[in-house]
$ cat input-v4.csv   # CSV, C-alpha atoms and all ligand atoms
chain,number,residue,atom,x,y,z
A,1,MET,CA,0.0,0.0,0.0
A,2,THR,CA,1.3,3.4,-0.9
A,3,GLU,CA,1.6,6.3,1.5
A,4,GLU,CA,-1.1,8.1,-0.5
A,5,ALA,CA,-3.5,5.2,-0.1
A,6,ARG,CA,-3.0,5.3,3.6
A,7,GLY,CA,-3.9,9.0,3.6
A,8,THR,CA,-0.6,10.0,5.2
A,9,ASP,CA,0.3,13.1,3.2
A,10,PRO,CA,3.4,14.3,4.9
A,11,ARG,CA,2.5,17.9,4.2
A,12,ALA,CA,-0.6,17.6,6.3
A,13,ARG,CA,0.9,19.3,9.3
A,14,ASP,CA,-1.2,22.3,9.4
A,15,LEU,CA,-4.8,21.1,9.1
A,16,PRO,CA,-6.8,22.8,11.9
A,17,LEU,CA,-9.8,20.4,12.1
A,18,ASP,CA,-11.2,17.0,11.1
A,19,ALA,CA,-14.8,17.3,12.0
A,20,HIS,CA,-16.1,13.7,11.5
A,21,MET,CA,-14.8,10.4,12.8
A,22,HIS,CA,-15.9,7.2,14.6
A,23,THR,CA,-14.4,5.4,17.5
A,24,ASP,CA,-15.2,2.0,19.1
A,25,GLN,CA,-18.4,3.7,20.5
A,26,SER,CA,-19.9,3.2,17.0
A,27,SER,CA,-20.9,-0.3,15.9
A,28,ASP,CA,-18.9,0.0,12.7
A,29,SER,CA,-15.6,1.1,14.1
A,30,LEU,CA,-13.1,-0.5,16.4
A,31,VAL,CA,-10.8,2.5,16.9
A,32,PRO,CA,-10.0,3.4,20.5
A,33,ILE,CA,-10.2,7.2,20.9
A,34,ASP,CA,-6.5,7.5,21.9
A,35,VAL,CA,-5.4,6.2,18.5
A,36,TYR,CA,-6.9,9.3,16.9
A,37,GLY,CA,-5.3,11.5,19.6
A,38,ALA,CA,-1.9,10.0,18.7
A,39,LEU,CA,-2.5,10.3,15.0
A,40,ALA,CA,-3.5,13.9,15.4
A,41,VAL,CA,-0.2,14.6,17.2
A,42,GLU,CA,1.7,12.8,14.5
A,43,ARG,CA,-0.1,14.6,11.6
A,44,GLY,CA,-0.3,18.0,13.3
A,45,ILE,CA,-4.1,18.2,13.2
A,46,ALA,CA,-5.1,20.6,15.9
A,47,GLU,CA,-8.8,19.7,16.6
A,48,LEU,CA,-11.0,16.6,16.2
A,49,ALA,CA,-14.7,16.1,16.5
A,50,ILE,CA,-15.6,12.6,17.6
A,51,THR,CA,-18.9,12.0,15.9
A,52,ASP,CA,-20.1,8.5,16.9
A,53,HIS,CA,-23.4,7.3,15.4
A,54,ILE,CA,-26.8,7.3,16.9
A,55,ASP,CA,-29.7,5.6,15.2
A,56,PHE,CA,-33.4,6.1,16.1
A,57,ASP,CA,-34.6,2.9,14.4
A,58,PRO,CA,-34.6,0.2,17.1
A,59,ARG,CA,-33.5,-2.3,14.4
A,60,LEU,CA,-30.2,-0.6,13.9
A,61,PRO,CA,-27.0,-1.2,15.9
A,62,ASN,CA,-26.4,2.3,17.3
A,63,PHE,CA,-29.9,2.5,18.8
A,64,ASN,CA,-30.1,3.9,22.3
A,65,PRO,CA,-26.4,4.4,23.2
A,66,ASP,CA,-25.5,5.9,26.6
A,67,PRO,CA,-24.6,9.5,25.9
A,68,ARG,CA,-23.2,10.1,29.4
A,69,ALA,CA,-20.8,7.2,29.1
A,70,ARG,CA,-19.7,8.4,25.6
A,71,GLU,CA,-19.2,11.9,26.9
A,72,SER,CA,-17.0,10.8,29.8
A,73,ILE,CA,-14.8,8.8,27.4
A,74,VAL,CA,-14.4,11.8,25.0
A,75,ARG,CA,-13.9,14.4,27.8
A,76,ALA,CA,-11.3,12.2,29.5
A,77,ALA,CA,-9.4,11.8,26.2
A,78,ALA,CA,-9.6,15.5,25.6
A,79,GLU,CA,-7.9,16.0,28.9
A,80,ARG,CA,-5.2,13.6,28.0
A,81,TRP,CA,-4.5,15.0,24.6
A,82,ALA,CA,-4.8,18.8,25.3
A,83,PRO,CA,-1.3,19.0,26.7
A,84,HIS,CA,-0.1,17.5,23.3
A,85,GLY,CA,-1.8,20.3,21.4
A,86,VAL,CA,-4.9,18.4,20.2
A,87,ALA,CA,-8.4,19.6,21.1
A,88,ILE,CA,-11.0,16.8,21.1
A,89,ARG,CA,-14.7,17.7,20.9
A,90,PHE,CA,-17.8,15.6,21.8
A,91,GLY,CA,-19.8,15.4,18.7
A,92,LEU,CA,-22.5,13.1,17.3
A,93,GLU,CA,-23.7,11.8,13.9
A,94,VAL,CA,-27.4,11.4,13.9
A,95,SER,CA,-29.0,9.0,11.4
A,96,TYR,CA,-31.7,11.4,10.3
A,97,GLU,CA,-35.2,10.0,9.5
A,98,SER,CA,-38.0,12.5,9.0
A,99,GLY,CA,-40.5,10.0,10.5
A,100,ARG,CA,-38.4,10.0,13.8
A,101,GLU,CA,-37.8,13.7,14.0
A,102,ASP,CA,-39.6,14.1,17.3
A,103,GLU,CA,-37.4,11.5,18.9
A,104,ILE,CA,-34.3,13.1,17.5
A,105,ARG,CA,-35.3,16.5,18.7
A,106,GLU,CA,-36.0,15.2,22.2
A,107,HIS,CA,-32.6,13.5,22.3
A,108,LEU,CA,-30.8,16.7,21.3
A,109,ARG,CA,-32.8,18.6,23.9
A,110,ALA,CA,-31.9,16.2,26.7
A,111,HIS,CA,-28.2,15.7,25.8
A,112,HIS,CA,-25.7,18.4,24.8
A,113,TYR,CA,-23.1,17.9,22.2
A,114,ASP,CA,-20.4,20.2,21.1
A,115,PHE,CA,-21.2,19.6,17.4
A,116,VAL,CA,-24.0,17.6,15.7
A,117,ILE,CA,-24.0,16.1,12.2
A,118,GLY,CA,-27.3,15.0,10.6
A,119,SER,CA,-26.8,12.4,8.0
A,120,VAL,CA,-29.2,10.4,5.8
A,121,HIS,CA,-28.1,6.7,5.8
A,122,VAL,CA,-29.2,3.7,3.9
A,123,GLY,CA,-31.5,2.1,6.5
A,124,PRO,CA,-33.4,-1.2,6.5
A,125,GLY,CA,-36.2,0.2,4.4
A,126,SER,CA,-34.1,2.1,2.0
A,127,PRO,CA,-34.4,1.5,-1.8
A,128,TYR,CA,-30.6,1.9,-2.1
A,129,ARG,CA,-29.8,-1.3,-0.2
A,130,ALA,CA,-27.7,-3.6,-2.3
A,131,SER,CA,-30.5,-6.1,-2.6
A,132,ARG,CA,-33.0,-3.5,-3.9
A,133,VAL,CA,-31.0,-0.8,-5.7
A,134,ALA,CA,-31.1,-2.4,-9.2
A,135,SER,CA,-34.8,-2.7,-9.2
A,136,TRP,CA,-35.2,0.8,-7.8
A,137,VAL,CA,-33.2,2.3,-10.6
A,138,ALA,CA,-34.8,0.3,-13.4
A,139,GLY,CA,-37.2,2.4,-15.4
A,140,ARG,CA,-36.9,5.5,-13.2
A,141,SER,CA,-35.6,9.0,-14.1
A,142,LEU,CA,-32.6,10.3,-12.3
A,143,ALA,CA,-34.8,12.7,-10.4
A,144,GLU,CA,-37.0,9.9,-9.2
A,145,ILE,CA,-34.0,7.8,-8.3
A,146,VAL,CA,-32.4,10.3,-6.0
A,147,ALA,CA,-35.6,11.7,-4.5
A,148,PRO,CA,-35.9,9.4,-1.4
A,149,SER,CA,-32.5,10.4,-0.3
A,150,PHE,CA,-32.5,14.1,-1.3
A,151,ASN,CA,-35.9,14.7,0.1
A,152,GLU,CA,-34.7,13.4,3.5
A,153,VAL,CA,-31.7,15.6,3.3
A,154,ILE,CA,-34.0,18.6,2.6
A,155,ALA,CA,-36.1,17.6,5.7
A,156,ALA,CA,-32.9,17.2,7.8
A,157,ALA,CA,-31.8,20.7,6.8
A,158,ARG,CA,-35.2,22.3,7.4
A,159,SER,CA,-35.5,20.6,10.8
A,160,GLY,CA,-32.9,23.1,12.1
A,161,LEU,CA,-31.5,20.4,14.4
A,162,PHE,CA,-28.0,20.0,12.9
A,163,ASP,CA,-24.9,22.1,12.6
A,164,VAL,CA,-24.1,20.4,9.3
A,165,ILE,CA,-25.5,17.8,6.9
A,166,GLY,CA,-23.0,14.9,6.6
A,167,HIS,CA,-22.0,13.3,3.3
A,168,LEU,CA,-24.9,14.9,1.5
A,169,ASP,CA,-24.8,12.7,-1.6
A,170,SER,CA,-23.2,9.5,-0.4
A,171,ILE,CA,-25.9,7.7,-2.4
A,172,LYS,CA,-23.3,8.1,-5.2
A,173,ARG,CA,-21.6,5.0,-3.7
A,174,TYR,CA,-24.8,3.0,-3.4
A,175,LEU,CA,-26.0,3.8,-6.9
A,176,LEU,CA,-22.9,2.4,-8.5
A,177,PRO,CA,-22.7,0.9,-11.0
A,178,HIS,CA,-26.3,1.7,-12.1
A,179,VAL,CA,-25.8,5.4,-11.9
A,180,THR,CA,-22.3,6.9,-11.9
A,181,PRO,CA,-21.1,10.1,-10.2
A,182,ALA,CA,-20.5,11.5,-13.7
A,183,GLN,CA,-24.2,11.1,-14.6
A,184,LEU,CA,-25.2,12.8,-11.4
A,185,ALA,CA,-22.7,15.6,-12.1
A,186,GLU,CA,-24.6,16.3,-15.3
A,187,ARG,CA,-27.7,17.1,-13.3
A,188,PRO,CA,-26.8,20.0,-11.0
A,189,ASP,CA,-30.5,21.0,-11.0
A,190,LEU,CA,-31.2,18.0,-8.8
A,191,TYR,CA,-29.0,19.5,-6.1
A,192,GLU,CA,-30.6,23.0,-6.2
A,193,PRO,CA,-33.5,22.4,-3.8
A,194,VAL,CA,-31.2,20.6,-1.5
A,195,LEU,CA,-28.6,23.4,-1.4
A,196,ARG,CA,-31.4,26.0,-1.1
A,197,ALA,CA,-32.8,24.1,2.0
A,198,LEU,CA,-29.3,24.3,3.6
A,199,VAL,CA,-28.8,28.0,2.8
A,200,GLU,CA,-32.3,29.0,3.9
A,201,SER,CA,-32.2,27.1,7.1
A,202,GLY,CA,-28.6,28.2,7.9
A,203,THR,CA,-27.5,24.6,8.1
A,204,GLY,CA,-23.9,23.9,7.2
A,205,LEU,CA,-22.5,21.6,4.5
A,206,GLU,CA,-19.9,19.0,5.1
A,207,VAL,CA,-17.2,18.2,2.6
A,208,ASN,CA,-16.9,14.5,3.5
A,209,THR,CA,-13.7,13.1,2.1
A,210,SER,CA,-14.5,9.4,2.6
A,211,GLY,CA,-15.7,9.2,-1.0
A,212,LEU,CA,-12.1,9.6,-2.1
A,213,ARG,CA,-11.3,6.1,-0.6
A,214,GLN,CA,-14.5,4.6,-1.8
A,215,ALA,CA,-15.7,3.6,-5.3
A,216,ALA,CA,-17.3,7.0,-5.9
A,217,GLY,CA,-13.8,8.4,-6.1
A,218,GLN,CA,-14.9,11.9,-5.2
A,219,THR,CA,-16.0,13.8,-2.1
A,220,TYR,CA,-19.6,14.0,-0.8
A,221,PRO,CA,-20.5,16.3,-2.3
A,222,SER,CA,-18.2,17.1,-5.2
A,223,ALA,CA,-16.2,20.4,-5.6
A,224,ALA,CA,-18.8,21.7,-8.1
A,225,VAL,CA,-21.7,21.2,-5.6
A,226,VAL,CA,-19.6,22.9,-2.8
A,227,ALA,CA,-19.0,25.8,-5.2
A,228,ARG,CA,-22.7,26.1,-6.0
A,229,PHE,CA,-23.5,26.1,-2.3
A,230,ARG,CA,-21.2,29.1,-1.9
A,231,GLU,CA,-22.8,30.9,-4.9
A,232,LEU,CA,-26.2,30.4,-3.4
A,233,GLY,CA,-25.1,32.2,-0.2
A,234,GLY,CA,-24.0,29.2,1.8
A,235,GLN,CA,-21.9,30.4,4.8
A,236,ARG,CA,-21.1,27.4,6.8
A,237,LEU,CA,-18.9,24.5,5.7
A,238,THR,CA,-17.0,21.8,7.5
A,239,ALA,CA,-14.6,19.1,6.4
A,240,GLY,CA,-14.3,15.6,7.7
A,241,SER,CA,-12.7,12.4,6.8
A,242,ASP,CA,-15.3,10.1,8.4
A,243,ALA,CA,-12.6,7.7,9.5
A,244,HIS,CA,-13.7,4.4,10.9
A,245,ARG,CA,-10.2,2.9,11.0
A,246,PRO,CA,-6.8,4.3,11.9
A,247,SER,CA,-5.6,4.2,8.3
A,248,TRP,CA,-8.5,6.4,7.3
A,249,PHE,CA,-7.7,9.1,9.7
A,250,ALA,CA,-7.7,12.5,7.9
A,251,HIS,CA,-7.7,10.7,4.6
A,252,GLY,CA,-8.3,13.1,1.8
A,253,LEU,CA,-8.7,16.0,4.2
A,254,GLU,CA,-6.2,18.0,2.2
A,255,ALA,CA,-8.4,17.7,-0.9
A,256,GLY,CA,-11.4,18.7,1.2
A,257,TYR,CA,-9.7,21.9,2.4
A,258,ARG,CA,-8.7,22.7,-1.2
A,259,ILE,CA,-12.3,22.3,-2.4
A,260,ALA,CA,-13.5,24.5,0.3
A,261,ALA,CA,-10.9,27.2,-0.5
A,262,GLN,CA,-11.5,27.1,-4.2
A,263,ALA,CA,-15.2,27.5,-3.6
A,264,GLY,CA,-14.4,30.8,-1.9
A,265,PHE,CA,-14.4,29.8,1.8
A,266,ARG,CA,-11.7,31.3,3.9
A,267,ASP,CA,-12.9,29.5,7.1
A,268,LEU,CA,-14.6,26.4,8.2
A,269,ALA,CA,-17.6,26.8,10.5
A,270,PHE,CA,-17.5,24.6,13.6
A,271,ARG,CA,-19.2,24.6,17.0
A,272,ARG,CA,-17.6,23.9,20.3
A,273,GLY,CA,-20.7,23.5,22.5
A,274,PRO,CA,-23.3,26.0,23.5
A,275,GLY,CA,-23.5,29.2,21.5
A,276,LYS,CA,-22.8,30.2,18.0
A,277,PRO,CA,-20.5,28.5,15.5
A,278,VAL,CA,-16.9,29.4,15.5
A,279,SER,CA,-14.7,30.1,12.5
A,280,VAL,CA,-11.6,27.9,11.8
A,281,ALA,CA,-9.3,29.5,9.3
A,282,ILE,CA,-8.4,27.5,6.2
A,283,PRO,CA,-4.6,27.6,5.9
A,284,GLU,CA,-3.3,30.1,3.5
A,285,ARG,CA,-1.6,27.6,1.2
A,286,PHE,CA,-5.0,26.2,0.1
A,287,ARG,CA,-6.2,29.6,-0.9
A,288,ALA,CA,-3.1,30.4,-3.0
A,289,SER,CA,-3.0,27.6,-5.6
A,290,GLY,CA,-3.7,24.0,-6.5
A,291,THR,CA,-6.5,22.2,-8.2
A,292,ALA,CA,-9.9,21.4,-6.8
A,293,ALA,CA,-9.9,17.8,-7.8
A,294,GLY,CA,-7.6,16.5,-5.1
A,295,ALA,CA,-5.8,13.3,-5.2
A,296,ALA,CA,-8.4,10.6,-5.9
A,297,THR,CA,-6.9,7.4,-4.8
A,298,SER,CA,-7.8,3.8,-5.5
A,299,PRO,CA,-10.7,2.6,-3.3
A,300,GLU,CA,-9.2,1.0,-0.3
A,301,SER,CA,-12.2,-1.0,1.0
A,302,ARG,CA,-15.8,-1.7,0.5
A,303,VAL,CA,-16.7,-2.4,4.1
A,304,ALA,CA,-20.1,-1.4,5.2
A,305,GLU,CA,-19.3,1.6,7.3
A,306,ARG,CA,-21.8,4.3,7.3
B,401,ZN,ZN,-19.8,9.0,9.8
B,402,ZN,ZN,-22.7,8.7,8.0

$ encode --input "input-v4.csv" --output "structure tokens" --more "lines below"
Ligand SMILES: [Zn+2]
Ligand SMILES: [Zn+2]
Amino acid sequence: MTEEARGTDPRARDLPLDAHMHTDQSSDSLVPIDVYGALAVERGIAELAITDHIDFDPRLPNFNPDPRARESIVRAAAERWAPHGVAIRFGLEVSYESGREDEIREHLRAHHYDFVIGSVHVGPGSPYRASRVASWVAGRSLAEIVAPSFNEVIAAARSGLFDVIGHLDSIKRYLLPHVTPAQLAERPDLYEPVLRALVESGTGLEVNTSGLRQAAGQTYPSAAVVARFRELGGQRLTAGSDAHRPSWFAHGLEAGYRIAAQAGFRDLAFRRGPGKPVSVAIPERFRASGTAAGAATSPESRVAER
């Protein structure tokens, strides 16, 4: 495996934030939190958001976790790593379902997180599951194909519950090989109502770089969609690697920062607990030059992380 495939870009010594990752508190990760602390020191990444999953569908594995136990693990790690120059925040990635919005709202009222991502995942009833996606796609227009996911993303944004929407179009990976990312890129109109919902609700957009290690081969969403978000007046953007393994830590994050900078963002928007979002400056070198595409690497794995 090459250095690039492991995501260990030796220049990545100045990235201020990775706002999305999973530890062994998520069902699809085995990474102890201190592994990320050590990697952040090694790679010079100043701040991490630990965003373990919560599901509200009782059939799913991250249903009903213990937020207090999780928080004590994250806060204790934050104390251990602060002297080494790494800030660790207590975040959450909610599996958003419009039909369970009341439960989600109640959870977020009862438990306080530093930073909350709302993501639409491929749940048990989803048409994008591997066993159903071929028949879902057959005979449908592209607009009809993406509607179940994109409509949920719109509802998530309009709920006002989340700091950012995670991996906005990760259906790109589930639609392969029936619909390719290139085909979706030819229909920017399908993204317009989604981006408008984010802008109008003040919800942030995440540049999720996990797509660079997956078959999609591009970020969720692509550089063009991030640029359009900015054009429409989008103000809040984060970047996250969505690591579930040590080797995925900060993978592609450089490309994510470059995409943000080239869309015109000078800062990422983050939240560190109660109150307004804070600005995290994008390092100057990303604003100066480079191409937006980033280094797309060969897909490392097809494991079913979400
Ligand atoms: Zn995630
Ligand atoms: Zn996710």

$ residues_around --input "input-v4.csv" --residues "region 225-234 of chain A" --least-positions-apart "5" --cutoff "6 Å" --atoms "all atoms listed in the file" --output "short mmCIF file (atom, residue, chain, number, x, y, z; two decimals) with C-alpha atoms, in the frame of the given file"
data_model
loop_
_atom_site.label_atom_id
_atom_site.label_comp_id
_atom_site.auth_asym_id
_atom_site.auth_seq_id
_atom_site.Cartn_x
_atom_site.Cartn_y
_atom_site.Cartn_z
CA LEU A 195 -28.60 23.40 -1.40
CA VAL A 199 -28.80 28.00 2.80
CA ALA A 263 -15.20 27.50 -3.60
#

$ atom_distance --input "input-v4.csv" --atom1 "CA of Val164 (chain A)" --atom2 "CA of Gly204 (chain A)"
4.1 Å

$ atom_distance --input "input-v4.csv" --atom1 "CA of His53 (chain A)" --atom2 "CA of Ala77 (chain A)"
18.2 Å

$ residues_near_ligand --input "input-v4.csv" --ligand "ligand ZN 402 (chain B)" --cutoff "10 Å" --atoms "all atoms listed in the file" --output "list in words"
His20, Met21, His22, Thr51, Asp52, His53, Ile54, Glu93, Val94, Ser95, Tyr96, Ile117, Gly118, Ser119, Val120, His121, Val122, Ile165, Gly166, His167, Leu168, Ser170, Asn208, Ser210, Asp242, Glu305 and Arg306 of chain A

$ closest_residue --input "input-v4.csv" --among "A:Leu253, A:Phe270, A:Glu200, A:Asp14" --to "Arg213 (chain A)" --atoms "all atoms listed in the file"
A:Leu253

$ closest_residue --input "input-v4.csv" --among "A:Ala155, A:Ala76, A:His244, A:Ser222" --to "Ile259 (chain A)" --atoms "only C-alpha atoms"
A:Ser222

$ atom_distance --input "input-v4.csv" --atom1 "CA of Arg75 (chain A)" --atom2 "CA of Leu48 (chain A)"
12.2 Å

$ closest_residue --input "input-v4.csv" --among "A:Ala157, A:Ala182, A:Leu60, A:Ala243" --to "ligand ZN 401 (chain B)" --atoms "only C-alpha atoms and all ligand atoms"
A:Ala243

$ residues_around --input "input-v4.csv" --residues "Ile282 (chain A)" --least-positions-apart "6" --cutoff "9 Å" --atoms "all atoms listed in the file" --output "list in words"
Leu15, Pro16, Tyr257, Arg258, Ala260, Ala261, Phe265, Arg266, Asp267 and Leu268 of chain A

$ residues_around --input "input-v4.csv" --residues "Arg158 (chain A)" --least-positions-apart "6" --cutoff "8 Å" --atoms "all atoms listed in the file" --output "PyMOL selection string"
chain A and resi 197-198+201

$ closest_residue --input "input-v4.csv" --among "A:Gly217, A:Gly211, A:Gly275, A:Gly256" --to "ligand ZN 401 (chain B)" --atoms "only C-alpha atoms and all ligand atoms"
A:Gly211
